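Enquirer: Here you go, model-v3.cif (mmCIF, C-alpha atoms):
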data_structure
#
loop_
_atom_site.label_atom_id
_atom_site.label_comp_id
_atom_site.auth_asym_id
_atom_site.auth_seq_id
_atom_site.Cartn_x
_atom_site.Cartn_y
_atom_site.Cartn_z
CA MET A 15 -36.44 -29.57 50.61
CA HIS A 16 -37.85 -26.17 49.55
CA VAL A 17 -36.12 -24.49 52.49
CA SER A 18 -32.83 -26.17 51.62
CA ARG A 19 -33.00 -24.94 48.03
CA ARG A 20 -33.81 -21.41 49.23
CA ALA A 21 -30.92 -21.49 51.68
CA ASN A 22 -28.57 -22.72 48.97
CA THR A 23 -29.74 -19.95 46.64
CA ILE A 24 -29.17 -17.30 49.29
CA SER A 25 -25.71 -18.70 49.99
CA LEU A 26 -24.88 -18.70 46.28
CA VAL A 27 -26.03 -15.08 45.86
CA ALA A 28 -24.05 -14.03 48.94
CA ALA A 29 -20.95 -15.78 47.67
CA THR A 30 -21.32 -14.13 44.25
CA ILE A 31 -21.67 -10.68 45.82
CA ALA A 32 -18.63 -11.33 47.97
CA ILE A 33 -16.59 -12.34 44.92
CA ILE A 34 -17.65 -9.17 43.07
CA ILE A 35 -16.78 -6.99 46.07
CA LEU A 36 -13.44 -8.68 46.62
CA SER A 37 -12.55 -8.55 42.93
CA GLY A 38 -13.29 -4.83 42.97
CA LEU A 39 -10.81 -4.42 45.79
CA GLN A 40 -8.03 -6.19 43.91
CA PRO A 41 -5.32 -3.95 42.45
CA VAL A 42 -5.43 -3.33 38.70
CA GLN A 43 -3.23 -5.87 36.96
CA SER A 44 -0.11 -4.29 35.50
CA ALA A 45 0.25 -4.44 31.72
CA ASP A 46 3.73 -4.73 30.25
CA VAL A 47 4.61 -3.86 26.64
CA THR A 48 7.67 -3.24 24.51
CA ASP A 49 7.41 -0.06 22.44
CA GLN A 50 8.60 0.33 18.86
CA ARG A 51 12.12 1.34 19.83
CA GLY A 52 12.47 -1.84 21.94
CA ARG A 53 11.97 -0.23 25.36
CA ALA A 54 9.95 -2.11 27.99
CA LEU A 55 7.11 -0.12 29.56
CA SER A 56 4.79 -1.04 32.40
CA PHE A 57 1.29 0.32 32.95
CA PRO A 58 0.08 -0.45 36.50
CA GLN A 59 -3.14 1.32 35.52
CA PRO A 60 -4.58 2.98 32.39
CA VAL A 61 -3.09 6.36 31.55
CA GLU A 62 -5.17 9.38 32.53
CA ARG A 63 -3.17 12.21 30.95
CA ALA A 64 -1.28 11.57 27.71
CA VAL A 65 0.69 13.95 25.48
CA PHE A 66 1.07 13.04 21.79
CA LEU A 67 3.87 14.50 19.67
CA PRO A 68 3.35 12.34 16.50
CA MET A 69 0.60 13.73 14.28
CA PRO A 70 -1.69 10.71 13.74
CA ALA A 71 -1.51 9.32 17.27
CA PRO A 72 -4.14 11.55 18.97
CA SER A 73 -6.87 10.59 16.52
CA THR A 74 -5.99 6.92 16.96
CA PHE A 75 -6.28 7.34 20.71
CA ILE A 76 -9.65 9.05 20.26
CA ALA A 77 -10.86 6.02 18.31
CA LEU A 78 -9.67 3.77 21.13
CA ASP A 79 -11.17 5.92 23.89
CA ARG A 80 -14.13 7.44 21.99
CA GLY A 81 -13.31 10.81 23.49
CA VAL A 82 -10.65 13.45 24.19
CA ALA A 83 -10.78 13.58 28.00
CA ARG A 84 -7.44 11.82 28.49
CA ILE A 85 -5.49 13.81 25.87
CA ALA A 86 -3.55 16.53 27.71
CA GLY A 87 -1.48 17.75 24.75
CA MET A 88 -0.90 17.14 21.05
CA ASN A 89 0.93 18.36 17.98
CA ARG A 90 -0.42 21.52 16.31
CA ALA A 91 -0.85 19.63 13.04
CA SER A 92 -3.03 17.08 14.82
CA ALA A 93 -5.28 19.86 16.07
CA ALA A 94 -5.43 21.34 12.55
CA ALA A 95 -6.58 17.99 11.13
CA MET A 96 -9.28 17.81 13.79
CA ARG A 97 -10.35 21.38 13.10
CA ASP A 98 -10.58 20.78 9.36
CA GLY A 99 -11.94 17.25 9.64
CA ILE A 100 -14.89 15.55 11.27
CA LEU A 101 -13.34 15.03 14.72
CA GLY A 102 -13.65 18.73 15.49
CA ARG A 103 -17.43 18.42 15.24
CA PHE A 104 -17.58 15.05 16.99
CA PHE A 105 -15.41 16.14 19.91
CA PRO A 106 -15.36 19.95 20.24
CA GLY A 107 -13.37 19.63 23.46
CA TYR A 108 -10.29 19.10 21.29
CA ALA A 109 -9.97 22.89 21.00
CA ALA A 110 -9.03 23.14 24.69
CA ILE A 111 -6.14 20.68 24.39
CA ALA A 112 -2.65 22.22 24.63
CA THR A 113 -0.79 22.25 21.30
CA ASP A 114 2.51 23.97 22.16
CA VAL A 115 4.17 20.65 23.01
CA THR A 116 6.81 20.79 20.26
CA GLN A 117 9.44 23.37 19.36
CA GLY A 118 7.90 25.06 16.33
CA ASN A 119 7.28 22.67 13.46
CA THR A 120 9.92 20.20 14.58
CA MET A 121 9.47 16.98 16.50
CA LEU A 122 11.69 18.27 19.30
CA PRO A 123 9.55 18.44 22.44
CA ASN A 124 8.88 21.62 24.35
CA VAL A 125 9.83 19.86 27.57
CA GLU A 126 8.92 22.72 29.89
CA GLN A 127 5.41 22.92 28.46
CA VAL A 128 4.97 19.15 28.50
CA LEU A 129 5.91 19.09 32.18
CA THR A 130 3.24 21.67 33.01
CA LEU A 131 0.64 19.26 31.63
CA THR A 132 1.67 16.58 34.20
CA PRO A 133 1.24 13.63 31.82
CA ASP A 134 1.61 10.04 32.89
CA LEU A 135 2.61 9.14 29.32
CA VAL A 136 4.24 10.99 26.42
CA VAL A 137 4.08 9.42 22.95
CA GLN A 138 6.97 10.34 20.63
CA TRP A 139 8.33 9.18 17.30
CA ALA A 140 10.92 6.46 17.71
CA SER A 141 12.32 7.19 14.26
CA GLU A 142 13.61 10.70 15.01
CA GLY A 143 16.83 9.57 16.71
CA ASP A 144 17.51 9.32 20.41
CA GLU A 145 17.49 12.96 21.43
CA PRO A 146 13.75 13.83 21.06
CA ILE A 147 12.97 10.93 23.41
CA ALA A 148 15.99 11.43 25.66
CA MET A 149 14.99 15.04 26.32
CA LEU A 150 11.69 13.84 27.75
CA GLU A 151 13.15 10.95 29.72
CA ARG A 152 15.78 13.19 31.31
CA ALA A 153 12.87 15.21 32.66
CA GLY A 154 11.50 12.07 34.34
CA LEU A 155 8.66 11.46 31.90
CA LYS A 156 7.45 8.05 30.76
CA VAL A 157 7.84 7.89 26.96
CA MET A 158 6.38 5.46 24.43
CA GLY A 159 8.25 5.39 21.12
CA ILE A 160 6.18 4.62 18.02
CA ARG A 161 7.23 4.28 14.39
CA TYR A 162 5.73 5.65 11.19
CA GLY A 163 5.83 3.52 8.09
CA GLY A 164 3.32 1.04 6.80
CA GLN A 165 0.17 -0.67 7.96
CA ALA A 166 2.10 -3.11 10.15
CA GLU A 167 3.70 -0.27 12.13
CA MET A 168 0.34 1.44 12.49
CA ALA A 169 -1.31 -1.77 13.70
CA ALA A 170 1.48 -2.28 16.22
CA TYR A 171 1.26 1.19 17.74
CA THR A 172 -2.53 0.96 17.83
CA ARG A 173 -2.13 -2.07 20.05
CA LEU A 174 0.45 -0.26 22.20
CA LEU A 175 -1.92 2.66 22.69
CA GLY A 176 -4.76 0.25 23.44
CA THR A 177 -2.72 -1.27 26.25
CA ALA A 178 -1.86 2.18 27.60
CA ALA A 179 -5.54 3.12 27.50
CA GLY A 180 -6.47 -0.02 29.40
CA ASP A 181 -8.47 -1.47 26.49
CA PRO A 182 -6.33 -3.84 24.41
CA ALA A 183 -9.44 -5.62 23.15
CA ARG A 184 -10.65 -2.40 21.52
CA ALA A 185 -7.30 -1.96 19.77
CA ASP A 186 -7.40 -5.54 18.55
CA ALA A 187 -10.91 -5.01 17.17
CA ILE A 188 -9.76 -1.99 15.11
CA VAL A 189 -6.67 -3.77 13.78
CA THR A 190 -8.57 -6.96 12.97
CA ARG A 191 -11.35 -5.14 11.16
CA GLN A 192 -8.82 -3.32 9.00
CA ALA A 193 -7.05 -6.58 8.19
CA ILE A 194 -10.35 -8.12 7.08
CA ARG A 195 -10.99 -5.18 4.74
CA GLN A 196 -7.49 -5.42 3.31
CA ALA A 197 -8.06 -9.10 2.54
CA GLU A 198 -11.38 -8.28 0.84
CA ILE A 199 -9.73 -5.73 -1.44
CA GLU A 200 -6.84 -8.08 -2.23
CA GLN A 201 -9.34 -10.73 -3.25
CA ALA A 202 -11.26 -8.23 -5.40
CA MET A 203 -8.05 -7.31 -7.23
CA ALA A 204 -6.88 -10.91 -7.70
CA GLY A 205 -6.02 -11.70 -11.30
CA LEU A 206 -5.59 -8.05 -12.27
CA GLN A 207 -2.92 -7.89 -14.99
CA PRO A 208 -0.24 -5.17 -15.09
CA GLY A 209 -1.79 -3.67 -18.20
CA GLY A 210 -5.05 -3.20 -16.34
CA ARG A 211 -3.50 -1.06 -13.64
CA PRO A 212 -3.70 2.71 -14.26
CA GLY A 213 -0.61 4.82 -13.64
CA VAL A 214 -1.07 6.84 -10.45
CA LEU A 215 0.94 9.78 -9.09
CA TYR A 216 0.56 10.93 -5.50
CA LEU A 217 1.50 14.55 -4.78
CA SER A 218 1.94 15.26 -1.10
CA ARG A 219 2.99 18.77 -2.18
CA TYR A 220 2.03 20.71 -5.30
CA ASN A 221 2.40 24.30 -4.13
CA GLY A 222 6.02 25.40 -4.31
CA ALA A 223 7.40 22.01 -5.35
CA PHE A 224 6.24 18.66 -6.67
CA THR A 225 6.71 16.15 -3.85
CA VAL A 226 5.78 12.56 -4.67
CA GLY A 227 5.59 9.18 -2.91
CA GLY A 228 8.24 6.74 -4.09
CA SER A 229 8.75 3.01 -3.70
CA GLU A 230 7.94 1.31 -0.39
CA SER A 231 6.09 4.38 0.84
CA TYR A 232 2.71 3.89 2.44
CA ILE A 233 0.95 5.50 -0.53
CA ASP A 234 2.78 3.07 -2.84
CA PHE A 235 1.25 0.21 -0.81
CA CYS A 236 -2.21 1.82 -1.07
CA ILE A 237 -1.95 2.31 -4.83
CA ARG A 238 -0.89 -1.29 -5.42
CA LEU A 239 -3.55 -2.66 -3.05
CA ALA A 240 -6.29 -0.65 -4.79
CA GLY A 241 -5.35 -1.88 -8.27
CA GLY A 242 -3.03 0.86 -9.52
CA ARG A 243 0.60 1.30 -10.52
CA ASN A 244 2.70 3.98 -8.80
CA VAL A 245 4.46 5.86 -11.60
CA ALA A 246 7.05 7.06 -9.06
CA ALA A 247 7.88 3.55 -7.87
CA ASP A 248 11.40 3.73 -9.32
CA LEU A 249 12.30 6.51 -6.88
CA PRO A 250 13.84 5.63 -3.51
CA ARG A 251 11.59 4.98 -0.57
CA GLY A 252 9.59 7.86 0.86
CA ALA A 253 8.82 11.39 -0.35
CA ARG A 254 10.93 12.95 -3.10
CA THR A 255 10.83 16.32 -4.84
CA VAL A 256 10.79 16.12 -8.65
CA THR A 257 10.65 18.50 -11.61
CA VAL A 258 7.71 19.27 -13.87
CA GLU A 259 9.67 17.57 -16.67
CA GLN A 260 9.62 14.33 -14.69
CA LEU A 261 5.85 14.60 -14.29
CA LEU A 262 5.51 15.00 -18.05
CA VAL A 263 7.65 11.90 -18.63
CA TRP A 264 5.60 9.84 -16.16
CA ASN A 265 2.34 11.07 -17.74
CA PRO A 266 0.12 9.54 -15.02
CA ASP A 267 -3.46 8.48 -15.72
CA ILE A 268 -4.55 9.63 -12.25
CA VAL A 269 -3.17 12.19 -9.81
CA LEU A 270 -3.93 12.10 -6.09
CA LEU A 271 -3.53 15.26 -4.00
CA GLY A 272 -2.60 14.79 -0.36
CA ASN A 273 -3.84 16.60 2.71
CA PHE A 274 -0.53 18.17 3.70
CA ASP A 275 -1.02 20.88 1.07
CA THR A 276 -3.90 23.15 0.03
CA ALA A 277 -3.91 22.19 -3.67
CA MET A 278 -7.20 21.17 -5.26
CA PRO A 279 -7.92 19.56 -8.66
CA ALA A 280 -8.86 22.93 -10.17
CA ASP A 281 -5.33 24.16 -9.50
CA LEU A 282 -3.81 21.42 -11.63
CA TYR A 283 -6.44 21.67 -14.35
CA ALA A 284 -5.50 25.35 -14.72
CA ASP A 285 -1.72 24.80 -14.66
CA PRO A 286 -0.38 25.52 -18.18
CA ARG A 287 2.68 23.34 -17.53
CA LEU A 288 0.57 20.18 -17.14
CA GLN A 289 -1.89 20.33 -20.00
CA SER A 290 -0.32 17.41 -21.88
CA VAL A 291 -0.56 15.07 -18.87
CA ALA A 292 -3.22 12.37 -19.31
CA ALA A 293 -4.68 12.91 -15.83
CA ILE A 294 -5.18 16.60 -16.57
CA ARG A 295 -6.55 16.05 -20.05
CA ASP A 296 -8.99 13.38 -18.83
CA ARG A 297 -9.84 15.28 -15.63
CA ARG A 298 -8.73 12.51 -13.30
CA VAL A 299 -7.21 14.53 -10.44
CA TYR A 300 -8.66 13.90 -6.97
CA ARG A 301 -8.12 15.45 -3.57
CA MET A 302 -7.82 12.66 -1.01
CA PRO A 303 -10.45 12.71 1.76
CA LEU A 304 -10.01 14.07 5.25
CA GLY A 305 -12.11 12.44 7.94
CA GLY A 306 -11.07 11.67 11.49
CA TYR A 307 -7.56 11.98 10.10
CA ARG A 308 -5.96 12.49 6.68
CA TRP A 309 -6.54 9.49 4.43
CA ASP A 310 -3.11 9.56 2.74
CA PRO A 311 -1.01 8.35 5.72
CA PRO A 312 -1.90 5.21 7.72
CA SER A 313 -4.51 5.72 10.42
CA GLN A 314 -7.51 4.12 12.07
CA GLU A 315 -9.43 5.06 8.88
CA SER A 316 -7.07 3.33 6.44
CA ALA A 317 -9.70 0.77 5.42
CA LEU A 318 -11.92 3.58 4.18
CA ALA A 319 -9.05 5.11 2.22
CA TRP A 320 -8.36 1.78 0.51
CA GLY A 321 -12.01 1.40 -0.48
CA TRP A 322 -12.18 4.97 -1.79
CA LEU A 323 -9.04 4.50 -3.87
CA ALA A 324 -10.10 1.10 -5.20
CA GLY A 325 -13.37 2.68 -6.35
CA LEU A 326 -11.39 5.27 -8.31
CA LEU A 327 -8.82 2.94 -9.83
CA GLN A 328 -10.91 -0.17 -10.44
CA PRO A 329 -14.60 0.77 -10.51
CA GLY A 330 -16.84 -2.28 -10.50
CA ARG A 331 -14.50 -4.60 -8.63
CA LEU A 332 -15.92 -3.52 -5.25
CA ALA A 333 -19.55 -2.88 -4.37
CA PRO A 334 -20.28 0.89 -4.50
CA THR A 335 -20.96 1.26 -0.78
CA LEU A 336 -18.56 4.06 0.16
CA ARG A 337 -21.12 6.25 1.95
CA ALA A 338 -22.55 3.33 3.89
CA ASP A 339 -19.03 2.20 4.75
CA ILE A 340 -18.12 5.64 6.13
CA SER A 341 -21.27 5.72 8.25
CA ASP A 342 -20.65 2.20 9.56
CA TRP A 343 -16.97 2.78 10.34
CA TYR A 344 -17.62 6.08 12.09
CA ARG A 345 -20.16 4.50 14.38
CA PHE A 346 -17.61 1.79 15.13
CA LEU A 347 -14.61 4.11 15.58
CA TYR A 348 -16.17 7.16 17.22
CA GLU A 349 -19.71 6.13 18.17
CA ARG A 350 -21.02 9.10 16.21
CA PRO A 351 -23.46 9.28 13.28
CA VAL A 352 -22.71 11.12 10.04
CA ASP A 353 -25.16 12.46 7.47
CA ASP A 354 -24.74 13.11 3.75
CA ALA A 355 -23.55 16.66 4.35
CA ASP A 356 -20.78 15.36 6.64
CA ILE A 357 -19.74 12.79 4.06
CA ASP A 358 -19.69 15.43 1.32
CA VAL A 359 -17.16 17.41 3.36
CA ILE A 360 -15.05 14.32 4.16
CA LEU A 361 -14.90 13.35 0.48
CA PHE A 362 -14.23 16.90 -0.79
CA MET A 363 -17.27 16.66 -3.03
CA ALA A 364 -17.16 20.36 -3.95
CA ALA A 365 -13.50 20.16 -5.01
CA ASN A 366 -13.73 16.75 -6.72
CA ARG A 367 -17.13 17.06 -8.39
CA ASN A 368 -15.66 18.06 -11.77
CA SER A 369 -13.25 15.13 -11.84
CA ALA A 370 -14.21 12.12 -13.92
CA GLY A 371 -16.31 9.46 -12.25
CA TYR A 372 -16.39 11.05 -8.81
CA GLY A 373 -20.15 11.34 -8.61
CA GLY A 374 -20.55 7.60 -9.17
CA LEU A 375 -17.90 6.71 -6.62
CA ALA A 376 -19.10 9.05 -3.88
CA GLY A 377 -22.82 8.60 -4.32
CA GLY A 378 -23.64 11.52 -6.55
CA ALA A 379 -22.15 15.00 -6.81
CA ARG A 380 -23.86 17.63 -4.69
#
What is this file in structure tokens?
Expert:
Amino acid sequence: MHVSRRANTISLVAATIAIIILSGLQPVQSADVTDQRGRALSFPQPVERAVFLPMPAPSTFIALDRGVARIAGMNRASAAAMRDGILGRFFPGYAAIATDVTQGNTMLPNVEQVLTLTPDLVVQWASEGDEPIAMLERAGLKVMGIRYGGQAEMAAYTRLLGTAAGDPARADAIVTRQAIRQAEIEQAMAGLQPGGRPGVLYLSRYNGAFTVGGSESYIDFCIRLAGGRNVAADLPRGARTVTVEQLLVWNPDIVLLGNFDTAMPADLYADPRLQSVAAIRDRRVYRMPLGGYRWDPPSQESALAWGWLAGLLQPGRLAPTLRADISDWYRFLYERPVDDADIDVILFMAANRNSAGYGGLAGGAR
């Protein structure tokens, strides 16, 4: 009986080893997806060399892959965000990635340069018309079209990139975790009356012209989610340039400064044209954070941006755990620790420290 059991055990172990060996010899199962322009793409195996023309996509891919090894090229603006943000310290290898993959500041690809990088995937905006994609496809390159817009579009292209990377489960984990945070903030803001929502103005540009986020823009969604009222909501969808007179009419309670400009709160506080604006008078101008990517457009860090903004607009409705949240999310997204000095830089503590309430929100001014 003992011998029989031993023989059966040996047979079972041998069979298990054989299954493992045979499964390792099986070809990688092809993954099929439809990109955000409606084009079917097949990935017989995970991509090894990808070029990213859209600005937020490389940082999303880094969060999926926890590294930069498979990024062969990216937009110059993406590299600038990494240089100025935390990803440059997390992944210094980003500096060796080619950035001359577009023609100047346009979204038109520099096809000749892209070809020299021998990518097995190029990611391009699907919203820029046919030609920026057609130029790449005529050169024989595989192109994934993604769309910029709201959180739903971002979640969808995160899943597309997860499939391309060979890790759809990782993409699903990021998207699901963000959805859970969104639901938490919605619940925290439940019952908030219109009169309890401060008027908020988002300036994506201050230097040279006042450029604001209108209705149905992503920042409009963020403001409403976090318990505010977008004073520019009557404008058409997307970014619009307005006059200083319009800003005076809107008279926002809070002004948010985006990361596509160099303006800081001190610049607005010193602007003689704006001294009658409530946000200036009450010192409620805030530069939006810059972490693994800019927090004003949708990204893998959107949940942190929502929490930050909710803490500004509706203090007390969410637990004041911003620093702990950043540390937790960064371990999840990038598998890297951050200290208080890192978080100070991400939150622009030096620039925001003289704005009302910022020390309480961000864990104390330094």
Enquirer: For the file shown, report as a CSV table (one decimal) with C-alpha atoms, in the frame of the given file the outcome of the PyMOL selection byres ((chain A and resi 245) around 12) at residue level.
Expert:
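File written: out.csv
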chain,number,residue,atom,x,y,z
A,211,ARG,CA,-3.5,-1.1,-13.6
A,212,PRO,CA,-3.7,2.7,-14.3
A,213,GLY,CA,-0.6,4.8,-13.6
A,214,VAL,CA,-1.1,6.8,-10.4
A,215,LEU,CA,0.9,9.8,-9.1
A,216,TYR,CA,0.6,10.9,-5.5
A,217,LEU,CA,1.5,14.6,-4.8
A,226,VAL,CA,5.8,12.6,-4.7
A,227,GLY,CA,5.6,9.2,-2.9
A,228,GLY,CA,8.2,6.7,-4.1
A,229,SER,CA,8.8,3.0,-3.7
A,233,ILE,CA,1.0,5.5,-0.5
A,234,ASP,CA,2.8,3.1,-2.8
A,237,ILE,CA,-2.0,2.3,-4.8
A,238,ARG,CA,-0.9,-1.3,-5.4
A,242,GLY,CA,-3.0,0.9,-9.5
A,243,ARG,CA,0.6,1.3,-10.5
A,244,ASN,CA,2.7,4.0,-8.8
A,246,ALA,CA,7.0,7.1,-9.1
A,247,ALA,CA,7.9,3.6,-7.9
A,248,ASP,CA,11.4,3.7,-9.3
A,249,LEU,CA,12.3,6.5,-6.9
A,260,GLN,CA,9.6,14.3,-14.7
A,261,LEU,CA,5.8,14.6,-14.3
A,262,LEU,CA,5.5,15.0,-18.0
A,263,VAL,CA,7.6,11.9,-18.6
A,264,TRP,CA,5.6,9.8,-16.2
A,265,ASN,CA,2.3,11.1,-17.7
A,266,PRO,CA,0.1,9.5,-15.0
A,267,ASP,CA,-3.5,8.5,-15.7
A,268,ILE,CA,-4.6,9.6,-12.2
A,269,VAL,CA,-3.2,12.2,-9.8
A,270,LEU,CA,-3.9,12.1,-6.1
Enquirer: Please expand the PyMOL selection byres ((chain A and resi 329) around 12) into the concrete residues it hits in this file, giving the result as a ChimeraX atom specification.
Expert: /A:202-203,210-212,240-242,321-328,330-336,370-372,374-376
Enquirer: Would you kindly identify which residues have an atom no farther than 8 Å from (3.2, 7.5, 27.5), using all atoms listed in the file and the file's own coordinates, and write them out as a list in words?
Expert: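 Protein and nucleic acid residues near the point are Val61, Ala64, Val65, Pro133, Asp134, Leu135, Val136, Val137, Lys156, Val157, Met158 and Ala178 of chain A.
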Enquirer: Need the shell around Gly52 (chain A): protein/DNA/RNA residues with any atom at most 10 Å away, counting all atoms listed in the file. Skip same-chain ones fewer than 6 positions apart. Format as a list of chain:residue names?
Expert: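 Contacts, in chain order: A:Ala140, A:Met158, A:Gly159, A:Ile160.
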Enquirer: Using 10 Å as the limit and counting only C-alpha atoms, can you tabulate each residue of region 266-310 of chain A that touches region 345-364 of chain A, with its shortest atom-to-atom distance in Å and the two atoms involved, as CSV?
Expert:
residue,atom,partner,partner_atom,distance
A:Met278,CA,A:Phe362,CA,9.4
A:Tyr300,CA,A:Phe362,CA,8.8
A:Arg301,CA,A:Phe362,CA,6.9
A:Met302,CA,A:Leu361,CA,7.3
A:Pro303,CA,A:Leu361,CA,4.7
A:Leu304,CA,A:Ile360,CA,5.2
A:Gly305,CA,A:Ile360,CA,5.1
A:Gly306,CA,A:Ile360,CA,8.8
A:Tyr307,CA,A:Ile360,CA,9.8
A:Arg308,CA,A:Ile360,CA,9.6
A:Trp309,CA,A:Ile360,CA,9.8
Enquirer: Write the residues of the selection above to a file with C-alpha atoms, as a short mmCIF file (atom, residue, chain, number, x, y, z; two decimals), keeping the file's coordinate frame.
Expert:
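The result, stored in out-v6.cif:
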data_model
loop_
_atom_site.label_atom_id
_atom_site.label_comp_id
_atom_site.auth_asym_id
_atom_site.auth_seq_id
_atom_site.Cartn_x
_atom_site.Cartn_y
_atom_site.Cartn_z
CA MET A 278 -7.20 21.17 -5.26
CA TYR A 300 -8.66 13.90 -6.97
CA ARG A 301 -8.12 15.45 -3.57
CA MET A 302 -7.82 12.66 -1.01
CA PRO A 303 -10.45 12.71 1.76
CA LEU A 304 -10.01 14.07 5.25
CA GLY A 305 -12.11 12.44 7.94
CA GLY A 306 -11.07 11.67 11.49
CA TYR A 307 -7.56 11.98 10.10
CA ARG A 308 -5.96 12.49 6.68
CA TRP A 309 -6.54 9.49 4.43
#
Enquirer: When the PyMOL selection byres ((chain A and resi 164) around 9) is applied to the structure above, which residues does it catch, written out as a ChimeraX atom specification?
Expert: /A:162-163,165-169,230-233,235,311-312
Enquirer: Between A:Leu206, A:Ala71, A:Ala95, A:Ala292, single out the one closest to Tyr171 (chain A), counting all atoms listed in the file.
Expert: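 Checking each candidate against Tyr171 (chain A), we get A:Ala71 as the closest.
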Enquirer: Report, as AutoDock Vina command-line options, the centre and edge lengths in Å (one decimal) of the axis-aligned box enclosing every listed atom of region 219-231 of chain A, padded by 8 Å on each side.
Expert:
--center_x 5.4 --center_y 13.4 --center_z -2.9 --size_x 22.7 --size_y 40.1 --size_z 23.5
Enquirer: Could you list, as a list in words, every residue within 12 Å of Arg287 (chain A), counting all atoms listed in the file and ignoring same-chain residues fewer than 2 positions away?
Expert: Thr257, Val258, Glu259, Gln260, Leu261, Leu262, Asp281, Leu282, Tyr283, Ala284, Asp285, Gln289, Ser290, Val291 and Ile294 of chain A
Enquirer: Counting all atoms listed in the file, what is within 9 Å of Ala223 (chain A), bar same-chain residues fewer than 2 positions away, as a compact mmCIF listing (two decimals) with C-alpha atoms, in the coordinates of the input?
Expert:
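Output file around-v4.txt follows:
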# COMPACT_ATOMS: atom_id res chain seq x y z
CA ARG A 219 2.99 18.77 -2.18
CA TYR A 220 2.03 20.71 -5.30
CA ASN A 221 2.40 24.30 -4.13
CA THR A 225 6.71 16.15 -3.85
CA THR A 255 10.83 16.32 -4.84
CA VAL A 256 10.79 16.12 -8.65
CA THR A 257 10.65 18.50 -11.61
CA VAL A 258 7.71 19.27 -13.87
